[in-house]
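First the structure, in the form of structure tokens, and then the observations on it.
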Amino acid sequence: MSKVSFLNPLNSMNLRQKTLLLIVIIVLVLITIFISSYSIDTTNMVTNFALRNQAPSFEHLFGTDWLGRDMFSRTIKGLGLSIMIGAIASILSSFVAMIMAFISSINKYGDLVMSWLIDFFSSIPHLLLLIMISLCLGKGAWGVIIGVAFTHWTSLARVLRVEIKEINTSEFVNLARKLGKGNLWVAKEHILPLVVTQIVVGTLLIFPHAIMHEASITFLGFGLSPHEPAIGIILSESMKYLTMGDWWLAFFPGAALLVVVLLFDILGEEIEKLLDPTKAQK
Amino acid sequence: MYLNANNISFSYRKNKPILKNISISIPDNKVIGLMGDSGSGKSTLCKVISGYLNNYTGTITIDNELIDKTGYCPAQLIFQHPEKTMNPKWKMHKVLSESWNPPQELKDTFGLKEGWMNRWPSELSGGELQRFSILRALNPNTKFIIADEISTMLDTVTQVQIWDSLIDYCKKNKIGILAVSHDKELLEVIADNIVLFNDINKL
Ligand SMILES: Nc1ncnc2c1ncn2[C@@H]1O[C@H](COP(=O)(O)OP(=O)(O)O)[C@@H](O)[C@H]1O
Ligand SMILES: [Mg+2]
């Protein structure tokens, strides 16, 4: 036992430090992907028929496509775009959730309308609503972003609504009001600090959904335009070549996308553990 | 100055009245003890008087003027369970200063240790938290203290000590006290008059 912990520094760390380490590693990986997608050398992404349809090698880690473009560079570019769209969509989505939760806390009519809206939006299949919104907004990145934002605010809004209601009826808020404190004080000093964890974690947990939805509706042709270096575009283009045995065209971009999605998922859970230690013990 | 509750009736659910036409008067220079069995409605009356419950009939006045429902309430309630009256994510100095910043000697009188100020509510005992909630209620705008079983979690010696400090402060500052308890012996020591809840709560 003691020998193992001597050899392995991870064993001597407590749970909190391990969580923190994991978070830092994931964030670094994601930032590296994002930055390299903008700084990557694009010369190997131009059409070069001499290099077409090459299987993965040390020169071209993910192989090349039917135009001789390096698939590794294309994948990194695509991931960068996914992260960017995911970030904007998640943050926008949380904003919608916060506004909705705020409206429902004003009075019982606001609450009634809001619970109805939450039920309504969560009863429609996400993909269907997303495609409709995206189509209405003329496809493109903003169509996807707004589509994701307006389909994914419900779960966070539901959590916030319950939480705010509970805080608003708590004895410490009632007492603050008897001390003459107004709505602004209660919102800023009591409610916000108590729900900030949920907001941060909620935003992070929308991320993987945003990325997957963007890729899937782009794949289906309702999302980003074919000129964009998106993973969804890469995957749908690759379909034609899969039957010819060029498996790497879809495999690596798809797997990379799943890894990024998974990283965001783990990140959300680990940050929740860090900010709310009572949940970590479960 | 007098706080008068006149003909107060209240029920949580229809046809189950808890308070039945209660009238009680609290002068600003006295400690009125209110005694009654548990479950009889003492805490409910305290909440009505200090503005925490609204759907009652009757009036609550200070010197014949209705208490303003917004702003600082001159009748401050001290709860039986202090831990629920404090934001769990606030340190104790913030909990206290939400009401006011009492002078150091007053903190000493109520036994607030300097080291407690930077702790979270979960890091103090019920008795320690209760000292904070008592001091928090002594804001200079307070005219009446409604003390609802505030010393049940304290040992007898501390109980006497805290009540002495509280009564001393209130007599000096002309703050009236309604002291609610089921403990006859305690009320006999601290109260100027004792009112039996069952005597005032009947039609
Ligand atoms: N929020 C509430 N909703 C419904 N009934 C309540 C509520 N609070 C108290 N009661 C009921 O009102 C009665 C009086 O309670 P309470 O005022 O706490 O009595 P006491 O303080 O004298 O022990 C009890 O029967 C209790 O069950
Ligand atoms: Mg009670």
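Starting from 1 in every chain, residues are counted up; chains themselves are A, B, ... following the order of the structure tokens, and ligands are numbered from 1 as listed.
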Would you pick out the contacts of region 97-106 of chain B at 7 Å or less, using only C-alpha atoms, so that residues sharing its chain but fewer than 6 positions from it are not included, and give the list as a list in words?
Leu179 of chain A; Arg136 and Asn139 of chain B
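Around ligand 1, the neighbouring residues within 7 Å, taking only C-alpha atoms and all ligand atoms, come to Tyr12, Arg13, Ile18, Gly36, Asp37, Ser38, Gly39, Ser40, Gly41, Lys42, Ser43, Thr44 and Leu45 of chain B.
Residues from chain A found within 6 Å of chain B are Glu171, Phe172, Lys178, Leu179 and Gly180 of chain A, counting only C-alpha atoms.
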I need the residue nearest ligand 2 from this list: B:Glu149, B:Asp63, B:Glu114, B:Glu128. Use only C-alpha atoms and all ligand atoms for the distance.
B:Glu149
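Closest approach to Phe95 (chain A) from the set A:Thr154, A:Thr218, A:Thr169, A:Thr197 is made by A:Thr154, with distances taken over only C-alpha atoms.
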Near-Asn21 (chain B) list (8 Å; only C-alpha atoms; drop same-chain fewer than 5 positions) as a ChimeraX atom specification
/B:6-9,58,201-203
Write a file of the selected residues as a PDB file, in the first residue's frame, keeping N, CA and C atoms.
```
ATOM      1  N   ASN B   6     -54.502  43.945  17.306  1.00  0.00           N
ATOM      2  CA  ASN B   6     -55.928  44.035  17.632  1.00  0.00           C
ATOM      3  C   ASN B   6     -56.753  43.048  16.829  1.00  0.00           C
ATOM      4  N   ASN B   7     -57.461  42.184  17.513  1.00  0.00           N
ATOM      5  CA  ASN B   7     -58.424  41.251  16.891  1.00  0.00           C
ATOM      6  C   ASN B   7     -57.810  40.475  15.730  1.00  0.00           C
ATOM      7  N   ILE B   8     -56.672  39.868  16.011  1.00  0.00           N
ATOM      8  CA  ILE B   8     -55.970  39.132  14.948  1.00  0.00           C
ATOM      9  C   ILE B   8     -56.561  37.731  14.793  1.00  0.00           C
ATOM     10  N   SER B   9     -56.964  37.414  13.548  1.00  0.00           N
ATOM     11  CA  SER B   9     -57.381  36.051  13.232  1.00  0.00           C
ATOM     12  C   SER B   9     -56.576  35.578  12.043  1.00  0.00           C
ATOM     13  N   GLY B  58     -57.571  41.837  11.183  1.00  0.00           N
ATOM     14  CA  GLY B  58     -57.185  42.592  12.373  1.00  0.00           C
ATOM     15  C   GLY B  58     -56.090  43.581  12.007  1.00  0.00           C
ATOM     16  N   ASN B 201     -56.402  33.421  23.141  1.00  0.00           N
ATOM     17  CA  ASN B 201     -56.756  32.806  21.860  1.00  0.00           C
ATOM     18  C   ASN B 201     -58.049  32.002  21.965  1.00  0.00           C
ATOM     19  N   LYS B 202     -59.141  32.689  22.310  1.00  0.00           N
ATOM     20  CA  LYS B 202     -60.436  32.010  22.263  1.00  0.00           C
ATOM     21  C   LYS B 202     -61.504  33.028  21.915  1.00  0.00           C
ATOM     22  N   LEU B 203     -62.456  32.527  21.187  1.00  0.00           N
ATOM     23  CA  LEU B 203     -63.495  33.441  20.698  1.00  0.00           C
ATOM     24  C   LEU B 203     -64.429  33.887  21.815  1.00  0.00           C
TER      25      LEU B 203
END
```
Which of chain B fall in strand (DSSP E or B), as a PyMOL selection string:
chain B and resi 2-11+17-27+31-35+57-62+65-66+72+75-78+144-148+176-181+193-196
Store the residues of this selection in a file with N, CA and C atoms, as a compact mmCIF listing (two decimals), in the first residue's frame.
```
# COMPACT_ATOMS: atom_id res chain seq x y z
N TYR B 2 -46.40 51.94 22.24
CA TYR B 2 -47.03 50.62 22.36
C TYR B 2 -47.13 49.93 21.01
N LEU B 3 -46.89 48.64 21.00
CA LEU B 3 -47.27 47.84 19.83
C LEU B 3 -48.57 47.15 20.18
N ASN B 4 -49.59 47.35 19.35
CA ASN B 4 -50.88 46.72 19.62
C ASN B 4 -51.28 45.79 18.48
N ALA B 5 -51.53 44.54 18.83
CA ALA B 5 -52.15 43.64 17.86
C ALA B 5 -53.62 43.57 18.24
N ASN B 6 -54.50 43.94 17.31
CA ASN B 6 -55.93 44.04 17.63
C ASN B 6 -56.75 43.05 16.83
N ASN B 7 -57.46 42.18 17.51
CA ASN B 7 -58.42 41.25 16.89
C ASN B 7 -57.81 40.47 15.73
N ILE B 8 -56.67 39.87 16.01
CA ILE B 8 -55.97 39.13 14.95
C ILE B 8 -56.56 37.73 14.79
N SER B 9 -56.96 37.41 13.55
CA SER B 9 -57.38 36.05 13.23
C SER B 9 -56.58 35.58 12.04
N PHE B 10 -56.20 34.31 12.09
CA PHE B 10 -55.37 33.78 11.00
C PHE B 10 -55.57 32.28 10.88
N SER B 11 -55.56 31.77 9.64
CA SER B 11 -55.54 30.32 9.45
C SER B 11 -54.68 29.98 8.24
N PRO B 17 -58.93 27.61 11.86
CA PRO B 17 -58.32 28.82 12.43
C PRO B 17 -57.26 28.48 13.47
N ILE B 18 -56.11 29.17 13.38
CA ILE B 18 -55.04 28.98 14.37
C ILE B 18 -55.12 30.12 15.39
N LEU B 19 -55.22 31.35 14.87
CA LEU B 19 -55.36 32.50 15.76
C LEU B 19 -56.81 32.98 15.70
N LYS B 20 -57.43 33.10 16.88
CA LYS B 20 -58.85 33.46 16.91
C LYS B 20 -59.04 34.76 17.67
N ASN B 21 -59.12 35.83 16.92
CA ASN B 21 -59.44 37.12 17.52
C ASN B 21 -58.52 37.50 18.68
N ILE B 22 -57.22 37.43 18.43
CA ILE B 22 -56.24 37.71 19.49
C ILE B 22 -55.94 39.21 19.60
N SER B 23 -55.89 39.71 20.80
CA SER B 23 -55.41 41.07 21.01
C SER B 23 -54.33 41.03 22.07
N ILE B 24 -53.24 41.72 21.79
CA ILE B 24 -52.16 41.77 22.79
C ILE B 24 -51.45 43.11 22.64
N SER B 25 -50.98 43.64 23.75
CA SER B 25 -50.34 44.95 23.74
C SER B 25 -48.95 44.83 24.36
N ILE B 26 -47.97 45.43 23.69
CA ILE B 26 -46.60 45.37 24.20
C ILE B 26 -46.08 46.79 24.39
N PRO B 27 -45.79 47.19 25.62
CA PRO B 27 -45.21 48.50 25.84
C PRO B 27 -43.70 48.48 25.58
N VAL B 31 -41.04 43.62 29.33
CA VAL B 31 -40.91 42.30 28.71
C VAL B 31 -42.22 41.58 28.96
N ILE B 32 -42.95 41.31 27.89
CA ILE B 32 -44.19 40.56 28.02
C ILE B 32 -43.90 39.10 27.72
N GLY B 33 -44.16 38.23 28.68
CA GLY B 33 -43.96 36.81 28.45
C GLY B 33 -45.22 36.19 27.88
N LEU B 34 -45.06 35.35 26.86
CA LEU B 34 -46.22 34.66 26.29
C LEU B 34 -45.97 33.17 26.41
N MET B 35 -46.87 32.50 27.15
CA MET B 35 -46.66 31.10 27.43
C MET B 35 -47.79 30.27 26.82
N THR B 57 -56.65 38.80 9.50
CA THR B 57 -57.56 39.93 9.70
C THR B 57 -57.20 40.57 11.04
N GLY B 58 -57.57 41.84 11.18
CA GLY B 58 -57.19 42.59 12.37
C GLY B 58 -56.09 43.58 12.01
N THR B 59 -55.62 44.30 13.01
CA THR B 59 -54.60 45.32 12.73
C THR B 59 -53.43 45.21 13.68
N ILE B 60 -52.28 45.61 13.19
CA ILE B 60 -51.09 45.69 14.03
C ILE B 60 -50.58 47.12 13.94
N THR B 61 -50.55 47.79 15.08
CA THR B 61 -50.18 49.21 15.07
C THR B 61 -49.08 49.47 16.07
N ILE B 62 -48.29 50.51 15.77
CA ILE B 62 -47.37 51.05 16.77
C ILE B 62 -47.81 52.48 16.99
N GLU B 65 -50.50 53.67 14.67
CA GLU B 65 -50.25 53.73 13.23
C GLU B 65 -49.93 52.34 12.73
N LEU B 66 -50.55 51.99 11.58
CA LEU B 66 -50.28 50.68 10.98
C LEU B 66 -48.81 50.56 10.61
N TYR B 72 -37.85 48.76 6.53
CA TYR B 72 -37.41 48.11 7.76
C TYR B 72 -38.59 47.90 8.70
N ALA B 75 -40.80 45.89 14.21
CA ALA B 75 -40.96 44.72 15.10
C ALA B 75 -40.15 43.57 14.51
N GLN B 76 -38.98 43.31 15.06
CA GLN B 76 -38.09 42.30 14.49
C GLN B 76 -38.25 40.96 15.20
N LEU B 77 -38.44 39.93 14.37
CA LEU B 77 -38.60 38.58 14.90
C LEU B 77 -37.23 37.90 15.04
N ILE B 78 -37.01 37.29 16.19
CA ILE B 78 -35.86 36.39 16.33
C ILE B 78 -36.41 34.97 16.36
N PHE B 144 -39.38 46.98 18.61
CA PHE B 144 -39.87 45.84 19.40
C PHE B 144 -39.16 44.56 18.95
N ILE B 145 -38.87 43.74 19.94
CA ILE B 145 -38.26 42.44 19.66
C ILE B 145 -39.30 41.36 19.91
N ILE B 146 -39.53 40.53 18.93
CA ILE B 146 -40.42 39.39 19.09
C ILE B 146 -39.52 38.16 19.19
N ALA B 147 -39.37 37.63 20.38
CA ALA B 147 -38.40 36.56 20.62
C ALA B 147 -39.14 35.23 20.75
N ASP B 148 -39.06 34.42 19.69
CA ASP B 148 -39.82 33.17 19.66
C ASP B 148 -38.96 31.98 20.10
N GLY B 176 -39.40 47.33 23.30
CA GLY B 176 -40.28 46.39 23.99
C GLY B 176 -39.98 44.97 23.55
N ILE B 177 -40.25 44.02 24.45
CA ILE B 177 -39.96 42.61 24.11
C ILE B 177 -41.20 41.76 24.31
N LEU B 178 -41.48 40.91 23.31
CA LEU B 178 -42.44 39.82 23.50
C LEU B 178 -41.62 38.55 23.58
N ALA B 179 -41.59 37.95 24.78
CA ALA B 179 -40.78 36.76 24.98
C ALA B 179 -41.68 35.53 24.99
N VAL B 180 -41.55 34.71 23.95
CA VAL B 180 -42.40 33.53 23.82
C VAL B 180 -41.66 32.31 24.31
N SER B 181 -42.33 31.52 25.14
CA SER B 181 -41.69 30.30 25.60
C SER B 181 -42.73 29.35 26.17
N ASN B 193 -44.69 40.87 32.77
CA ASN B 193 -46.03 40.27 32.83
C ASN B 193 -46.01 38.98 32.05
N ILE B 194 -46.82 38.02 32.49
CA ILE B 194 -46.94 36.79 31.70
C ILE B 194 -48.37 36.66 31.20
N VAL B 195 -48.49 36.42 29.89
CA VAL B 195 -49.80 36.21 29.28
C VAL B 195 -49.88 34.75 28.88
N LEU B 196 -51.02 34.11 29.18
CA LEU B 196 -51.20 32.72 28.74
C LEU B 196 -51.85 32.72 27.37
```
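CA of Leu53 (chain B) is positioned 17.4 Å from CA of Lys165 (chain A).
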Env of Ile167 (chain B): 9 Å cut, atoms = only C-alpha atoms, seq-sep filter 4 positions within chain, self excluded. Answer as a PDB file with all heavy atoms, in the first residue's frame.
```pdb
ATOM      1  N   LYS B  30     -41.244  47.172  28.611  1.00  0.00           N
ATOM      2  CA  LYS B  30     -41.539  45.956  29.373  1.00  0.00           C
ATOM      3  C   LYS B  30     -41.191  44.707  28.580  1.00  0.00           C
ATOM      4  O   LYS B  30     -41.080  44.717  27.349  1.00  0.00           O
ATOM      5  CB  LYS B  30     -43.027  45.919  29.715  1.00  0.00           C
ATOM      6  CG  LYS B  30     -43.424  46.858  30.831  1.00  0.00           C
ATOM      7  CD  LYS B  30     -44.493  46.219  31.695  1.00  0.00           C
ATOM      8  CE  LYS B  30     -44.669  46.994  32.995  1.00  0.00           C
ATOM      9  NZ  LYS B  30     -45.805  47.913  32.955  1.00  0.00           N
ATOM     10  N   VAL B  31     -41.044  43.616  29.327  1.00  0.00           N
ATOM     11  CA  VAL B  31     -40.910  42.304  28.711  1.00  0.00           C
ATOM     12  C   VAL B  31     -42.220  41.576  28.960  1.00  0.00           C
ATOM     13  O   VAL B  31     -42.574  41.313  30.115  1.00  0.00           O
ATOM     14  CB  VAL B  31     -39.746  41.507  29.337  1.00  0.00           C
ATOM     15  CG1 VAL B  31     -39.655  40.131  28.701  1.00  0.00           C
ATOM     16  CG2 VAL B  31     -38.439  42.270  29.190  1.00  0.00           C
ATOM     17  N   ILE B 162     -27.555  35.572  28.316  1.00  0.00           N
ATOM     18  CA  ILE B 162     -28.007  36.210  27.075  1.00  0.00           C
ATOM     19  C   ILE B 162     -29.249  37.054  27.333  1.00  0.00           C
ATOM     20  O   ILE B 162     -29.356  38.194  26.867  1.00  0.00           O
ATOM     21  CB  ILE B 162     -28.322  35.138  26.006  1.00  0.00           C
ATOM     22  CG1 ILE B 162     -27.046  34.374  25.642  1.00  0.00           C
ATOM     23  CG2 ILE B 162     -28.984  35.759  24.790  1.00  0.00           C
ATOM     24  CD1 ILE B 162     -26.334  34.857  24.442  1.00  0.00           C
ATOM     25  N   TRP B 163     -30.197  36.493  28.081  1.00  0.00           N
ATOM     26  CA  TRP B 163     -31.417  37.245  28.371  1.00  0.00           C
ATOM     27  C   TRP B 163     -31.108  38.516  29.151  1.00  0.00           C
ATOM     28  O   TRP B 163     -31.699  39.569  28.890  1.00  0.00           O
ATOM     29  CB  TRP B 163     -32.435  36.377  29.119  1.00  0.00           C
ATOM     30  CG  TRP B 163     -33.362  35.659  28.173  1.00  0.00           C
ATOM     31  CD1 TRP B 163     -33.408  34.323  27.931  1.00  0.00           C
ATOM     32  CD2 TRP B 163     -34.383  36.255  27.359  1.00  0.00           C
ATOM     33  NE1 TRP B 163     -34.366  34.040  27.000  1.00  0.00           N
ATOM     34  CE2 TRP B 163     -34.992  35.207  26.628  1.00  0.00           C
ATOM     35  CE3 TRP B 163     -34.832  37.560  27.146  1.00  0.00           C
ATOM     36  CZ2 TRP B 163     -36.026  35.414  25.731  1.00  0.00           C
ATOM     37  CZ3 TRP B 163     -35.864  37.780  26.251  1.00  0.00           C
ATOM     38  CH2 TRP B 163     -36.452  36.711  25.551  1.00  0.00           C
ATOM     39  N   LYS B 171     -34.016  47.777  27.644  1.00  0.00           N
ATOM     40  CA  LYS B 171     -34.510  48.767  28.608  1.00  0.00           C
ATOM     41  C   LYS B 171     -33.846  50.113  28.361  1.00  0.00           C
ATOM     42  O   LYS B 171     -34.492  51.162  28.387  1.00  0.00           O
ATOM     43  CB  LYS B 171     -34.227  48.304  30.048  1.00  0.00           C
ATOM     44  CG  LYS B 171     -35.033  47.054  30.443  1.00  0.00           C
ATOM     45  CD  LYS B 171     -36.228  47.379  31.327  1.00  0.00           C
ATOM     46  CE  LYS B 171     -37.337  46.374  31.098  1.00  0.00           C
ATOM     47  NZ  LYS B 171     -37.801  45.607  32.221  1.00  0.00           N
ATOM     48  N   LYS B 172     -32.510  50.059  28.081  1.00  0.00           N
ATOM     49  CA  LYS B 172     -31.782  51.303  27.846  1.00  0.00           C
ATOM     50  C   LYS B 172     -32.235  51.999  26.573  1.00  0.00           C
ATOM     51  O   LYS B 172     -32.200  53.222  26.462  1.00  0.00           O
ATOM     52  CB  LYS B 172     -30.272  51.023  27.745  1.00  0.00           C
ATOM     53  CG  LYS B 172     -29.593  50.896  29.094  1.00  0.00           C
ATOM     54  CD  LYS B 172     -28.096  50.713  28.907  1.00  0.00           C
ATOM     55  CE  LYS B 172     -27.449  50.314  30.220  1.00  0.00           C
ATOM     56  NZ  LYS B 172     -26.415  49.301  30.037  1.00  0.00           N
ATOM     57  N   ILE B 175     -36.787  49.515  23.885  1.00  0.00           N
ATOM     58  CA  ILE B 175     -37.288  48.497  22.955  1.00  0.00           C
ATOM     59  C   ILE B 175     -38.153  47.535  23.765  1.00  0.00           C
ATOM     60  O   ILE B 175     -37.720  47.024  24.805  1.00  0.00           O
ATOM     61  CB  ILE B 175     -36.123  47.725  22.297  1.00  0.00           C
ATOM     62  CG1 ILE B 175     -35.274  48.680  21.444  1.00  0.00           C
ATOM     63  CG2 ILE B 175     -36.643  46.563  21.445  1.00  0.00           C
ATOM     64  CD1 ILE B 175     -34.025  48.051  20.867  1.00  0.00           C
ATOM     65  N   ILE B 177     -40.251  44.015  24.450  1.00  0.00           N
ATOM     66  CA  ILE B 177     -39.960  42.615  24.114  1.00  0.00           C
ATOM     67  C   ILE B 177     -41.203  41.757  24.307  1.00  0.00           C
ATOM     68  O   ILE B 177     -41.884  41.849  25.335  1.00  0.00           O
ATOM     69  CB  ILE B 177     -38.835  42.048  25.014  1.00  0.00           C
ATOM     70  CG1 ILE B 177     -37.538  42.847  24.827  1.00  0.00           C
ATOM     71  CG2 ILE B 177     -38.588  40.574  24.706  1.00  0.00           C
ATOM     72  CD1 ILE B 177     -36.386  42.340  25.694  1.00  0.00           C
ATOM     73  N   ILE B 190     -37.644  36.355  33.657  1.00  0.00           N
ATOM     74  CA  ILE B 190     -37.334  37.476  32.754  1.00  0.00           C
ATOM     75  C   ILE B 190     -38.502  38.425  32.491  1.00  0.00           C
ATOM     76  O   ILE B 190     -38.284  39.592  32.163  1.00  0.00           O
ATOM     77  CB  ILE B 190     -36.794  36.963  31.391  1.00  0.00           C
ATOM     78  CG1 ILE B 190     -37.846  36.105  30.675  1.00  0.00           C
ATOM     79  CG2 ILE B 190     -35.494  36.211  31.560  1.00  0.00           C
ATOM     80  CD1 ILE B 190     -37.470  35.776  29.242  1.00  0.00           C
TER      81      ILE B 190
END
```
Residues of region 24-118 of chain A in helix (DSSP H, G or I), written as an MDAnalysis selection string
chainID A and resid 24:39 43:45 49:51 71:106 108:118
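The interatomic distance for the pair CA of His93 (chain B) and CA of Asn173 (chain B) works out to 23.6 Å.
The neighbours of region 221-223 of chain A here are the residues that come within 8 Å of it, using only C-alpha atoms and leaving out any residue fewer than 3 positions away in the same chain; they are Ile131, Ser134, Leu135, Lys139, Gly140, Ala141, Gly143, Val144, Glu214, Ala215, Ile217 and Thr218 of chain A.
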